[in-house]
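Student: Just so it is clear, I am handing over structure35.cif, which has mmCIF, C-alpha atoms and all ligand atoms.
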```
data_final
loop_
_atom_site.label_atom_id
_atom_site.label_comp_id
_atom_site.auth_asym_id
_atom_site.auth_seq_id
_atom_site.Cartn_x
_atom_site.Cartn_y
_atom_site.Cartn_z
CA MET J 1 -8.96 16.94 6.87
CA ALA J 2 -5.38 16.64 5.56
CA LEU J 3 -1.99 15.27 6.51
CA GLU J 4 0.87 17.55 5.57
CA ILE J 5 4.26 15.91 5.61
CA LYS J 6 7.36 18.03 5.07
CA GLY J 7 11.01 17.07 4.82
CA LEU J 8 10.51 13.73 6.57
CA THR J 9 13.78 11.86 7.03
CA LYS J 10 14.41 8.59 8.84
CA GLN J 11 18.02 7.63 9.28
CA TYR J 12 18.09 4.17 10.89
CA ASN J 13 21.87 4.13 11.17
CA ALA J 14 24.96 5.38 9.34
CA THR J 15 24.18 3.33 6.23
CA LYS J 16 20.41 2.74 6.32
CA THR J 17 18.04 5.51 5.30
CA GLY J 18 14.32 4.74 5.44
CA LEU J 19 13.07 8.11 4.20
CA SER J 20 14.95 11.00 2.71
CA ASP J 21 13.48 14.54 2.77
CA TYR J 22 10.02 13.18 1.95
CA SER J 23 7.19 15.67 1.47
CA ILE J 24 3.58 14.93 0.55
CA THR J 25 0.09 16.24 1.31
CA ILE J 26 -2.58 13.58 1.78
CA ASP J 27 -6.26 14.49 1.63
CA LYS J 28 -9.40 12.46 2.27
CA GLY J 29 -9.79 9.46 -0.01
CA ILE J 30 -7.69 6.39 -0.70
CA LEU J 31 -3.99 6.88 -1.40
CA GLY J 32 -2.09 3.83 -2.68
CA LEU J 33 1.64 3.65 -1.91
CA LEU J 34 3.63 1.81 -4.53
CA GLY J 35 7.34 1.15 -4.45
CA PRO J 36 9.87 -1.65 -4.71
CA ASN J 37 11.20 -3.49 -1.63
CA GLY J 38 12.98 -1.10 0.66
CA ALA J 39 11.39 2.03 -0.88
CA GLY J 40 10.35 3.29 2.56
CA LYS J 41 6.60 2.55 2.49
CA SER J 42 6.52 0.84 5.91
CA THR J 43 8.82 3.47 7.37
CA LEU J 44 6.45 6.23 6.26
CA MET J 45 3.41 4.39 7.61
CA LYS J 46 5.05 3.66 10.96
CA ILE J 47 5.98 7.31 11.39
CA ILE J 48 2.45 8.51 10.56
CA ALA J 49 1.10 5.88 12.97
CA THR J 50 3.50 7.33 15.60
CA ILE J 51 5.13 3.92 16.14
CA SER J 52 8.44 5.35 14.97
CA GLN J 53 9.98 8.82 15.30
CA PRO J 54 11.44 10.66 12.32
CA THR J 55 15.02 11.87 12.43
CA ARG J 56 13.87 15.17 10.90
CA GLY J 57 10.76 16.66 9.40
CA THR J 58 7.19 17.47 10.34
CA ILE J 59 3.74 15.92 10.05
CA PHE J 60 0.68 18.07 10.60
CA LEU J 61 -2.84 16.68 10.85
CA ASP J 62 -5.33 19.51 10.54
CA GLY J 63 -2.63 21.93 11.60
CA VAL J 64 -1.51 19.95 14.68
CA ASP J 65 2.06 18.65 14.80
CA ILE J 66 1.62 14.93 15.46
CA VAL J 67 5.32 14.21 15.95
CA SER J 68 5.23 16.20 19.19
CA ASN J 69 1.49 15.51 19.88
CA PRO J 70 1.10 11.82 18.92
CA ASN J 71 -2.14 11.44 20.89
CA PHE J 72 -3.87 13.81 18.49
CA ILE J 73 -3.67 11.23 15.70
CA ARG J 74 -3.79 8.11 17.90
CA LYS J 75 -7.38 8.92 18.91
CA VAL J 76 -8.54 8.78 15.29
CA LEU J 77 -6.09 6.22 13.91
CA GLY J 78 -6.63 2.70 12.61
CA TYR J 79 -3.42 0.85 11.73
CA LEU J 80 -2.70 -2.54 10.25
CA PRO J 81 1.08 -3.14 10.46
CA GLN J 82 2.84 -5.40 7.99
CA ASP J 83 3.82 -7.87 10.71
CA PHE J 84 0.50 -7.96 12.48
CA GLY J 85 0.57 -10.45 15.37
CA VAL J 86 -2.41 -12.16 16.94
CA TYR J 87 -3.00 -14.11 20.12
CA PRO J 88 -3.54 -17.68 18.91
CA ASN J 89 -5.61 -18.82 21.90
CA LEU J 90 -8.17 -16.03 21.63
CA ASN J 91 -11.01 -16.25 19.16
CA ALA J 92 -11.67 -13.34 16.79
CA TYR J 93 -14.42 -11.95 19.00
CA GLU J 94 -12.27 -12.04 22.15
CA PHE J 95 -9.32 -10.58 20.29
CA LEU J 96 -11.37 -7.63 19.04
CA GLU J 97 -12.73 -7.08 22.57
CA TYR J 98 -9.15 -7.07 23.85
CA ILE J 99 -7.99 -4.56 21.22
CA ALA J 100 -11.06 -2.42 21.96
CA ALA J 101 -10.04 -2.31 25.62
CA MET J 102 -6.47 -1.36 24.65
CA LYS J 103 -7.78 1.45 22.44
CA GLY J 104 -10.21 2.62 25.10
CA VAL J 105 -13.19 1.79 22.89
CA GLY J 106 -16.17 0.60 24.90
CA GLY J 107 -19.78 1.43 25.57
CA LYS J 108 -22.99 -0.37 24.86
CA ASP J 109 -22.44 -0.34 21.10
CA LEU J 110 -19.18 -2.29 21.25
CA ARG J 111 -20.77 -5.72 20.81
CA ARG J 112 -22.76 -4.50 17.82
CA ARG J 113 -19.68 -2.87 16.29
CA ILE J 114 -17.61 -6.05 16.65
CA ASP J 115 -20.43 -8.07 15.05
CA MET J 116 -20.63 -5.58 12.20
CA LEU J 117 -16.86 -5.67 11.61
CA LEU J 118 -16.74 -9.47 11.73
CA GLU J 119 -19.51 -9.47 9.14
CA GLY J 120 -17.60 -6.87 7.09
CA VAL J 121 -14.51 -9.09 6.90
CA ASN J 122 -16.57 -12.28 6.46
CA LEU J 123 -15.55 -13.92 9.74
CA THR J 124 -18.91 -14.23 11.50
CA ALA J 125 -19.06 -18.00 11.04
CA ASP J 126 -15.53 -18.47 12.43
CA ALA J 127 -15.63 -15.81 15.15
CA LYS J 128 -15.68 -18.34 18.01
CA LYS J 129 -12.73 -20.42 16.76
CA PRO J 130 -9.22 -19.78 18.15
CA ILE J 131 -7.23 -17.49 15.83
CA GLY J 132 -4.40 -20.03 15.97
CA THR J 133 -6.51 -22.28 13.74
CA TYR J 134 -7.05 -19.56 11.08
CA SER J 135 -5.46 -19.41 7.65
CA GLY J 136 -3.10 -16.50 6.84
CA GLY J 137 -5.86 -14.69 4.96
CA MET J 138 -8.29 -15.07 7.88
CA LYS J 139 -5.70 -13.65 10.31
CA GLN J 140 -5.19 -10.74 7.92
CA ARG J 141 -8.95 -10.12 8.00
CA VAL J 142 -8.88 -10.01 11.82
CA GLY J 143 -6.12 -7.41 11.41
CA ILE J 144 -8.30 -5.36 9.07
CA ALA J 145 -11.22 -5.54 11.53
CA GLN J 146 -9.10 -4.38 14.50
CA ALA J 147 -7.91 -1.35 12.50
CA LEU J 148 -11.54 -0.28 12.08
CA LEU J 149 -12.65 -0.76 15.70
CA ASN J 150 -12.49 2.84 16.83
CA ASP J 151 -14.30 4.31 13.79
CA PRO J 152 -11.00 5.86 12.60
CA LYS J 153 -10.56 9.00 10.53
CA VAL J 154 -7.01 8.12 9.47
CA LEU J 155 -6.53 4.55 8.32
CA ILE J 156 -3.17 3.03 7.53
CA PHE J 157 -2.94 -0.42 5.99
CA ASP J 158 0.51 -1.88 5.31
CA GLU J 159 0.07 -4.60 2.66
CA PRO J 160 -3.58 -5.32 3.60
CA THR J 161 -4.28 -7.67 0.69
CA VAL J 162 -1.49 -10.14 1.48
CA GLY J 163 -3.05 -13.59 1.76
CA LEU J 164 -6.51 -12.48 0.62
CA ASP J 165 -8.14 -14.44 -2.18
CA PRO J 166 -9.81 -12.51 -5.04
CA GLU J 167 -13.24 -12.59 -3.39
CA GLU J 168 -11.85 -11.23 -0.11
CA ARG J 169 -9.93 -8.53 -2.00
CA VAL J 170 -13.21 -7.33 -3.49
CA ARG J 171 -14.82 -7.38 -0.04
CA PHE J 172 -11.92 -5.38 1.41
CA ARG J 173 -12.21 -2.86 -1.40
CA GLN J 174 -15.92 -2.41 -0.74
CA LEU J 175 -15.37 -2.09 2.99
CA ILE J 176 -12.87 0.76 2.72
CA SER J 177 -14.49 2.44 -0.28
CA GLU J 178 -17.53 3.11 1.91
CA MET J 179 -15.30 4.98 4.38
CA ALA J 180 -13.23 6.94 1.87
CA ASP J 181 -15.48 10.04 1.68
CA ASP J 182 -14.88 10.75 5.32
CA CYS J 183 -11.37 9.38 6.00
CA ILE J 184 -7.75 9.58 4.97
CA ILE J 185 -6.90 6.04 3.92
CA ILE J 186 -3.32 5.09 3.08
CA LEU J 187 -2.47 1.61 1.90
CA SER J 188 0.58 -0.04 0.45
CA SER J 189 0.86 -3.03 -1.81
CA HIS J 190 3.34 -4.75 -4.04
CA ILE J 191 0.48 -5.69 -6.32
CA VAL J 192 -0.06 -2.86 -8.76
CA SER J 193 -3.45 -4.22 -9.83
CA ASP J 194 -4.67 -4.05 -6.21
CA ILE J 195 -3.70 -0.39 -5.98
CA GLU J 196 -5.21 0.20 -9.42
CA THR J 197 -8.61 -1.08 -8.35
CA ILE J 198 -8.67 0.34 -4.82
CA ALA J 199 -6.87 3.70 -4.75
CA ASP J 200 -8.07 7.11 -5.93
CA GLU J 201 -4.59 8.61 -5.89
CA VAL J 202 -1.22 6.88 -6.11
CA ALA J 203 2.15 7.83 -4.64
CA ILE J 204 5.15 6.07 -6.15
CA MET J 205 8.22 5.96 -3.97
CA GLN J 206 11.74 4.65 -4.31
CA SER J 207 14.86 4.81 -2.14
CA GLY J 208 13.05 6.81 0.54
CA LYS J 209 11.91 9.49 -1.90
CA LEU J 210 8.61 10.41 -3.49
CA ILE J 211 8.84 10.04 -7.24
CA THR J 212 5.33 11.15 -8.11
CA LYS J 213 1.85 11.46 -6.63
CA GLY J 214 -1.41 12.01 -8.42
CA TYR J 215 -4.61 10.59 -9.77
CA GLN J 216 -4.12 7.36 -11.65
CA HIS J 217 -4.88 8.80 -15.09
CA ASP J 218 -2.28 11.58 -14.58
CA ILE J 219 0.37 9.05 -13.59
CA ILE J 220 -0.50 6.76 -16.49
CA GLU J 221 -0.27 9.78 -18.79
CA GLN J 222 3.44 9.99 -17.95
CA ALA J 223 3.94 6.64 -19.71
CA ARG J 224 1.98 7.57 -22.79
CA GLY J 225 3.99 6.92 -25.97
CA ARG J 226 6.64 4.93 -24.08
CA ILE J 227 5.07 1.46 -24.06
CA PHE J 228 5.39 -0.84 -27.05
CA GLU J 229 4.73 -4.40 -28.10
CA VAL J 230 6.62 -6.53 -30.56
CA LEU J 231 6.39 -10.16 -31.72
CA LEU J 232 9.79 -11.84 -31.51
CA GLU J 233 11.22 -15.23 -32.22
CA SER J 234 11.26 -16.85 -28.76
CA SER J 235 15.01 -17.44 -29.07
CA ASP J 236 15.58 -13.65 -29.46
CA VAL J 237 13.80 -12.64 -26.23
CA ALA J 238 16.80 -13.06 -23.92
CA ALA J 239 18.96 -10.77 -26.08
CA PHE J 240 16.11 -8.25 -26.34
CA LYS J 241 15.89 -8.08 -22.55
CA THR J 242 19.50 -6.93 -22.35
CA CYS J 243 18.58 -3.82 -24.41
CA TYR J 244 15.07 -2.95 -23.21
CA LYS J 245 13.09 -2.99 -19.99
CA VAL J 246 10.61 -5.79 -20.64
CA ILE J 247 7.31 -5.50 -18.75
CA ASP J 248 5.68 -8.74 -19.82
CA THR J 249 5.99 -11.62 -22.24
CA SER J 250 3.38 -14.05 -23.54
CA ARG J 251 3.87 -17.04 -25.81
CA GLN J 252 1.95 -16.96 -29.07
CA LYS J 253 2.39 -20.31 -30.87
CA ASP J 254 6.07 -20.36 -31.89
CA ARG J 255 6.71 -16.67 -31.12
CA THR J 256 6.65 -14.43 -28.07
CA ARG J 257 4.77 -11.18 -27.67
CA VAL J 258 6.91 -8.76 -25.68
CA ARG J 259 5.62 -5.63 -23.93
CA TYR J 260 8.43 -3.21 -23.23
CA ILE J 261 9.42 0.32 -22.33
CA SER J 262 11.30 2.51 -24.70
CA THR J 263 12.10 6.07 -23.70
CA ASP J 264 12.96 6.90 -27.32
CA THR J 265 10.41 6.34 -30.00
CA ALA J 266 10.58 2.62 -30.54
CA ASN J 267 13.22 1.75 -33.04
CA VAL J 268 12.60 -1.97 -33.08
CA ALA J 269 11.14 -3.02 -36.42
CA ALA J 270 7.51 -4.17 -36.21
CA SER J 271 6.97 -2.62 -32.77
CA ARG J 272 3.66 -0.92 -32.17
CA PRO J 273 2.77 1.58 -29.44
CA VAL J 274 0.16 0.33 -26.95
CA ASP J 275 -1.99 2.01 -24.30
CA ALA J 276 -0.20 2.34 -20.98
CA GLY J 277 -1.59 1.14 -17.63
CA LEU J 278 -0.57 1.88 -14.06
CA GLU J 279 1.92 -1.01 -13.99
CA ASP J 280 3.65 0.34 -17.11
CA ALA J 281 3.88 3.82 -15.60
CA TYR J 282 5.15 2.41 -12.29
CA LEU J 283 7.90 0.41 -14.00
CA LEU J 284 8.84 3.31 -16.26
CA LEU J 285 9.06 5.82 -13.40
CA THR J 286 10.95 3.54 -11.02
CA GLN J 287 13.36 2.49 -13.77
CA HIS J 288 13.92 6.10 -14.74
CA ASN J 289 14.75 7.09 -11.15
CA ALA J 290 16.78 3.99 -10.24
N1 LIG D 301 14.56 -1.18 11.86
C1 LIG D 301 15.36 -0.92 10.83
N2 LIG D 301 16.70 -0.82 10.99
C2 LIG D 301 17.53 -0.53 9.95
N3 LIG D 301 17.09 -0.35 8.69
C3 LIG D 301 15.76 -0.44 8.45
C4 LIG D 301 14.83 -0.75 9.51
N4 LIG D 301 13.58 -0.78 8.97
C5 LIG D 301 13.73 -0.51 7.65
N5 LIG D 301 15.04 -0.32 7.36
C6 LIG D 301 15.59 0.01 6.03
O1 LIG D 301 14.92 1.18 5.55
C7 LIG D 301 14.66 1.07 4.13
C8 LIG D 301 13.16 1.20 3.92
O2 LIG D 301 12.52 0.07 4.47
P1 LIG D 301 10.94 -0.10 4.51
O3 LIG D 301 10.64 -1.36 5.27
O4 LIG D 301 10.33 1.16 5.00
O5 LIG D 301 10.60 -0.28 2.95
P2 LIG D 301 9.29 -0.85 2.26
O6 LIG D 301 9.04 0.01 1.07
O7 LIG D 301 8.18 -0.95 3.26
O8 LIG D 301 9.76 -2.29 1.81
P3 LIG D 301 8.91 -3.66 1.68
O9 LIG D 301 8.03 -3.43 0.51
O10 LIG D 301 9.96 -4.68 1.41
O11 LIG D 301 8.18 -3.84 2.96
C9 LIG D 301 15.24 -0.28 3.71
O12 LIG D 301 16.53 -0.05 3.20
C10 LIG D 301 15.31 -1.07 4.99
O13 LIG D 301 16.35 -2.01 4.95
#
```
Any chance you could put this one into structure tokens?
Ligand SMILES: Nc1ncnc2c1ncn2[C@@H]1O[C@H](COP(=O)(O)OP(=O)(O)OP(=O)(O)O)[C@@H](O)[C@H]1O
Tutor:
Amino acid sequence: MALEIKGLTKQYNATKTGLSDYSITIDKGILGLLGPNGAGKSTLMKIIATISQPTRGTIFLDGVDIVSNPNFIRKVLGYLPQDFGVYPNLNAYEFLEYIAAMKGVGGKDLRRRIDMLLEGVNLTADAKKPIGTYSGGMKQRVGIAQALLNDPKVLIFDEPTVGLDPEERVRFRQLISEMADDCIIILSSHIVSDIETIADEVAIMQSGKLITKGYQHDIIEQARGRIFEVLLESSDVAAFKTCYKVIDTSRQKDRTRVRYISTDTANVAASRPVDAGLEDAYLLLTQHNA
């Protein structure tokens, strides 16, 4: 199973472009979408979920054009939008029953499936309370459960970890990892470490364009030899930031350890090269293409 996206463009109006000639092939497994605000992540997800129409371009799922045949993907789609809304007076169980009816999911196994999903997102104990009384993270978990109701083969999660505490993030990761052998799973996040721990492959986007896509180690490789650390007098850090892209700083007694990107070999005295991670590569690649 594969999604083949070619030349996808979304022009919202004369000045706003959501996607610009975007092409990517997405296979089974978990693909993490990373990109700064406004990169086009939600636009891409909405178009794949057939909520929004592209201005130009094609999307084929297993050879079928889903822009002109949206029902082909809708039957196998689970989607958690960024602005997921719930009915505050329904409890989680009733809400999932309602969504099941909307999706045409029924049958004698429905009750068991809802119970299993509520267990999967750790809401069994609260399933009979009105959703209006839930915390943001609990509502998000209802959203995750509804996306899984129809045993989807294409799963799209727009910022699924927003509001989840570390324990619930781990639970989410386990839940979708179990499905990844058999599904195309696309998720976006602003939190690089979330993508790092969840995704097999990563697509970095910016200004509606794909910058790079690949397995994490191949993307990290692109930052090899470009990441350095130096110990500076704390009073010198502000000036340093005007010359270099600083990734992180940490106070060390009276000095500050600065992690930074240099596209030349570092020419700052006392700098040392350090191993790159996904966050370093992300910042390097998005800075380079800005
Ligand atoms: N309905 C809309 N009308 C006009 N412009 C839009 C609309 N939706 C998105 N845009 C614009 O399209 C671009 C891409 O937005 P999009 O929401 O897809 O980015 P994103 O990567 O999901 O950002 P974020 O991480 O902030 O959610 C932005 O410039 C945004 O302002």
Student: Grab me every residue within 12 Å of ligand LIG 301 (chain D), counting only C-alpha atoms and all ligand atoms, and send it over as a PDB file with C-alpha atoms, keeping the file's coordinate frame.
Tutor:
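out-v7.pdb, freshly written:
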```
ATOM      1  CA  THR J   9      13.780  11.860   7.030  1.00  0.00           C
ATOM      2  CA  LYS J  10      14.410   8.590   8.840  1.00  0.00           C
ATOM      3  CA  GLN J  11      18.020   7.630   9.280  1.00  0.00           C
ATOM      4  CA  TYR J  12      18.090   4.170  10.890  1.00  0.00           C
ATOM      5  CA  ASN J  13      21.870   4.130  11.170  1.00  0.00           C
ATOM      6  CA  ALA J  14      24.960   5.380   9.340  1.00  0.00           C
ATOM      7  CA  THR J  15      24.180   3.330   6.230  1.00  0.00           C
ATOM      8  CA  LYS J  16      20.410   2.740   6.320  1.00  0.00           C
ATOM      9  CA  THR J  17      18.040   5.510   5.300  1.00  0.00           C
ATOM     10  CA  GLY J  18      14.320   4.740   5.440  1.00  0.00           C
ATOM     11  CA  LEU J  19      13.070   8.110   4.200  1.00  0.00           C
ATOM     12  CA  SER J  20      14.950  11.000   2.710  1.00  0.00           C
ATOM     13  CA  LEU J  33       1.640   3.650  -1.910  1.00  0.00           C
ATOM     14  CA  LEU J  34       3.630   1.810  -4.530  1.00  0.00           C
ATOM     15  CA  GLY J  35       7.340   1.150  -4.450  1.00  0.00           C
ATOM     16  CA  PRO J  36       9.870  -1.650  -4.710  1.00  0.00           C
ATOM     17  CA  ASN J  37      11.200  -3.490  -1.630  1.00  0.00           C
ATOM     18  CA  GLY J  38      12.980  -1.100   0.660  1.00  0.00           C
ATOM     19  CA  ALA J  39      11.390   2.030  -0.880  1.00  0.00           C
ATOM     20  CA  GLY J  40      10.350   3.290   2.560  1.00  0.00           C
ATOM     21  CA  LYS J  41       6.600   2.550   2.490  1.00  0.00           C
ATOM     22  CA  SER J  42       6.520   0.840   5.910  1.00  0.00           C
ATOM     23  CA  THR J  43       8.820   3.470   7.370  1.00  0.00           C
ATOM     24  CA  LEU J  44       6.450   6.230   6.260  1.00  0.00           C
ATOM     25  CA  MET J  45       3.410   4.390   7.610  1.00  0.00           C
ATOM     26  CA  LYS J  46       5.050   3.660  10.960  1.00  0.00           C
ATOM     27  CA  ILE J  47       5.980   7.310  11.390  1.00  0.00           C
ATOM     28  CA  ILE J  51       5.130   3.920  16.140  1.00  0.00           C
ATOM     29  CA  SER J  52       8.440   5.350  14.970  1.00  0.00           C
ATOM     30  CA  GLN J  53       9.980   8.820  15.300  1.00  0.00           C
ATOM     31  CA  PRO J  81       1.080  -3.140  10.460  1.00  0.00           C
ATOM     32  CA  GLN J  82       2.840  -5.400   7.990  1.00  0.00           C
ATOM     33  CA  ASP J  83       3.820  -7.870  10.710  1.00  0.00           C
ATOM     34  CA  PHE J 157      -2.940  -0.420   5.990  1.00  0.00           C
ATOM     35  CA  ASP J 158       0.510  -1.880   5.310  1.00  0.00           C
ATOM     36  CA  GLU J 159       0.070  -4.600   2.660  1.00  0.00           C
ATOM     37  CA  PRO J 160      -3.580  -5.320   3.600  1.00  0.00           C
ATOM     38  CA  VAL J 162      -1.490 -10.140   1.480  1.00  0.00           C
ATOM     39  CA  LEU J 187      -2.470   1.610   1.900  1.00  0.00           C
ATOM     40  CA  SER J 188       0.580  -0.040   0.450  1.00  0.00           C
ATOM     41  CA  SER J 189       0.860  -3.030  -1.810  1.00  0.00           C
ATOM     42  CA  HIS J 190       3.340  -4.750  -4.040  1.00  0.00           C
ATOM     43  CA  ILE J 191       0.480  -5.690  -6.320  1.00  0.00           C
ATOM     44  CA  ALA J 203       2.150   7.830  -4.640  1.00  0.00           C
ATOM     45  CA  ILE J 204       5.150   6.070  -6.150  1.00  0.00           C
ATOM     46  CA  MET J 205       8.220   5.960  -3.970  1.00  0.00           C
ATOM     47  CA  GLN J 206      11.740   4.650  -4.310  1.00  0.00           C
ATOM     48  CA  SER J 207      14.860   4.810  -2.140  1.00  0.00           C
ATOM     49  CA  GLY J 208      13.050   6.810   0.540  1.00  0.00           C
ATOM     50  CA  LYS J 209      11.910   9.490  -1.900  1.00  0.00           C
ATOM     51  CA  LEU J 210       8.610  10.410  -3.490  1.00  0.00           C
TER      52      LEU J 210
END
```
Student: Compare J:Thr249, J:Gln222, J:Thr256, J:Thr263 by their minimum atom-to-atom distance to Ser234 in chain J, counting only C-alpha atoms, and give me the closest one.
Tutor: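 Nearest candidate to Ser234 in chain J out of J:Thr249, J:Gln222, J:Thr256, J:Thr263: J:Thr256.
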Student: With a distance cut-off of 12 Å and only C-alpha atoms, select the neighbouring residues of range 84-96 of chain J, excluding the residue or stretch itself and same-chain residues fewer than 6 positions from it, and output the selection as JSON, numbers by chain.
Tutor: {"J": [102, 103, 104, 105, 106, 110, 111, 112, 113, 114, 115, 116, 117, 118, 119, 121, 122, 123, 124, 125, 126, 127, 128, 129, 130, 131, 132, 133, 134, 135, 136, 137, 138, 139, 140, 141, 142, 143, 144, 145, 146, 147, 148, 149, 150, 157, 158, 159, 160, 162]}
Student: Write out, as a compact mmCIF listing (two decimals), keeping the file's coordinate frame, the residues just selected, with C-alpha atoms.
Tutor:
```
# COMPACT_ATOMS: atom_id res chain seq x y z
CA MET J 102 -6.47 -1.36 24.65
CA LYS J 103 -7.78 1.45 22.44
CA GLY J 104 -10.21 2.62 25.10
CA VAL J 105 -13.19 1.79 22.89
CA GLY J 106 -16.17 0.60 24.90
CA LEU J 110 -19.18 -2.29 21.25
CA ARG J 111 -20.77 -5.72 20.81
CA ARG J 112 -22.76 -4.50 17.82
CA ARG J 113 -19.68 -2.87 16.29
CA ILE J 114 -17.61 -6.05 16.65
CA ASP J 115 -20.43 -8.07 15.05
CA MET J 116 -20.63 -5.58 12.20
CA LEU J 117 -16.86 -5.67 11.61
CA LEU J 118 -16.74 -9.47 11.73
CA GLU J 119 -19.51 -9.47 9.14
CA VAL J 121 -14.51 -9.09 6.90
CA ASN J 122 -16.57 -12.28 6.46
CA LEU J 123 -15.55 -13.92 9.74
CA THR J 124 -18.91 -14.23 11.50
CA ALA J 125 -19.06 -18.00 11.04
CA ASP J 126 -15.53 -18.47 12.43
CA ALA J 127 -15.63 -15.81 15.15
CA LYS J 128 -15.68 -18.34 18.01
CA LYS J 129 -12.73 -20.42 16.76
CA PRO J 130 -9.22 -19.78 18.15
CA ILE J 131 -7.23 -17.49 15.83
CA GLY J 132 -4.40 -20.03 15.97
CA THR J 133 -6.51 -22.28 13.74
CA TYR J 134 -7.05 -19.56 11.08
CA SER J 135 -5.46 -19.41 7.65
CA GLY J 136 -3.10 -16.50 6.84
CA GLY J 137 -5.86 -14.69 4.96
CA MET J 138 -8.29 -15.07 7.88
CA LYS J 139 -5.70 -13.65 10.31
CA GLN J 140 -5.19 -10.74 7.92
CA ARG J 141 -8.95 -10.12 8.00
CA VAL J 142 -8.88 -10.01 11.82
CA GLY J 143 -6.12 -7.41 11.41
CA ILE J 144 -8.30 -5.36 9.07
CA ALA J 145 -11.22 -5.54 11.53
CA GLN J 146 -9.10 -4.38 14.50
CA ALA J 147 -7.91 -1.35 12.50
CA LEU J 148 -11.54 -0.28 12.08
CA LEU J 149 -12.65 -0.76 15.70
CA ASN J 150 -12.49 2.84 16.83
CA PHE J 157 -2.94 -0.42 5.99
CA ASP J 158 0.51 -1.88 5.31
CA GLU J 159 0.07 -4.60 2.66
CA PRO J 160 -3.58 -5.32 3.60
CA VAL J 162 -1.49 -10.14 1.48
```
Student: I'd like the neighbourhood of Gly57 in chain J as a list in words, where a residue qualifies if any of its atoms comes within 9 Å (using all atoms listed in the file), though same-chain residues fewer than 3 positions away should be ignored.
Tutor: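 Residues meeting the cut-off are Ile5, Lys6, Gly7, Leu8, Thr9, Lys10, Asp21, Tyr22, Ser23, Pro54 and Val67 of chain J.
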Student: For Ile198 in chain J, which of J:Glu178, J:Asp62, J:Glu233, J:Asp165 is the closest residue, counting all atoms listed in the file?
Tutor: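 For Ile198 in chain J, the nearest of the candidates is J:Glu178.
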Student: Between CA of Asp280 in chain J and CA of Ile247 in chain J, what distance in Å does the model show, to one decimal?
Tutor: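 Computing the Euclidean distance for CA of Asp280 in chain J and CA of Ile247 in chain J yields 7.1 Å.
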Student: For Leu3 in chain J, which residue out of J:Arg56, J:His288, J:Lys153, J:Arg171 is the nearest one, using all atoms listed in the file?
Tutor: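 Of J:Arg56, J:His288, J:Lys153, J:Arg171, the one nearest Leu3 in chain J is J:Lys153, counting all atoms listed in the file.
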Student: Give the answer as one residue: which of J:Ile156, J:Ala270, J:Leu285, J:Ala180 has the shortest atom-to-atom distance to Met1 in chain J, using all atoms listed in the file?
Tutor: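 The answer is J:Ala180, which sits nearest to Met1 in chain J.
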Student: Quick one: of J:Pro152, J:Val237, J:Ile59, J:Ile185, who's nearest to Lys75 in chain J, counting all atoms listed in the file?
Tutor: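 Closest candidate: J:Pro152.
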Student: Quick one: of J:Val192, J:Ala269, J:Ile261, J:Ala199, who's nearest to Gly32 in chain J, counting all atoms listed in the file?
Tutor: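 The closest residue to Gly32 in chain J is J:Ala199.
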Student: When you draw a straight line from CA of Ser68 in chain J to CA of Ile24 in chain J, how long is it in Å?
Tutor: 18.8 Å
Student: Can you tell me how far CA of Phe240 in chain J sits from CA of Glu279 in chain J, in Å to one decimal?
Tutor: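 About the pair CA of Phe240 in chain J and CA of Glu279 in chain J: they are 20.2 Å apart.
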Student: Taking every listed atom of range 73-79 of chain J and adding 6 Å to each side, what centre and edge lengths in Å (one decimal) does the axis-aligned box have, as JSON?
Tutor:
```
{"center_x": -6.0, "center_y": 6.0, "center_z": 15.3, "size_x": 17.1, "size_y": 22.4, "size_z": 19.2}
```
Student: Write out as an MDAnalysis selection string each polymer residue whose atoms come within 6 Å of Leu31 in chain J, counting all atoms listed in the file; drop sequence neighbours fewer than 2 positions from it.
Tutor: chainID J and resid 186 199 201:202
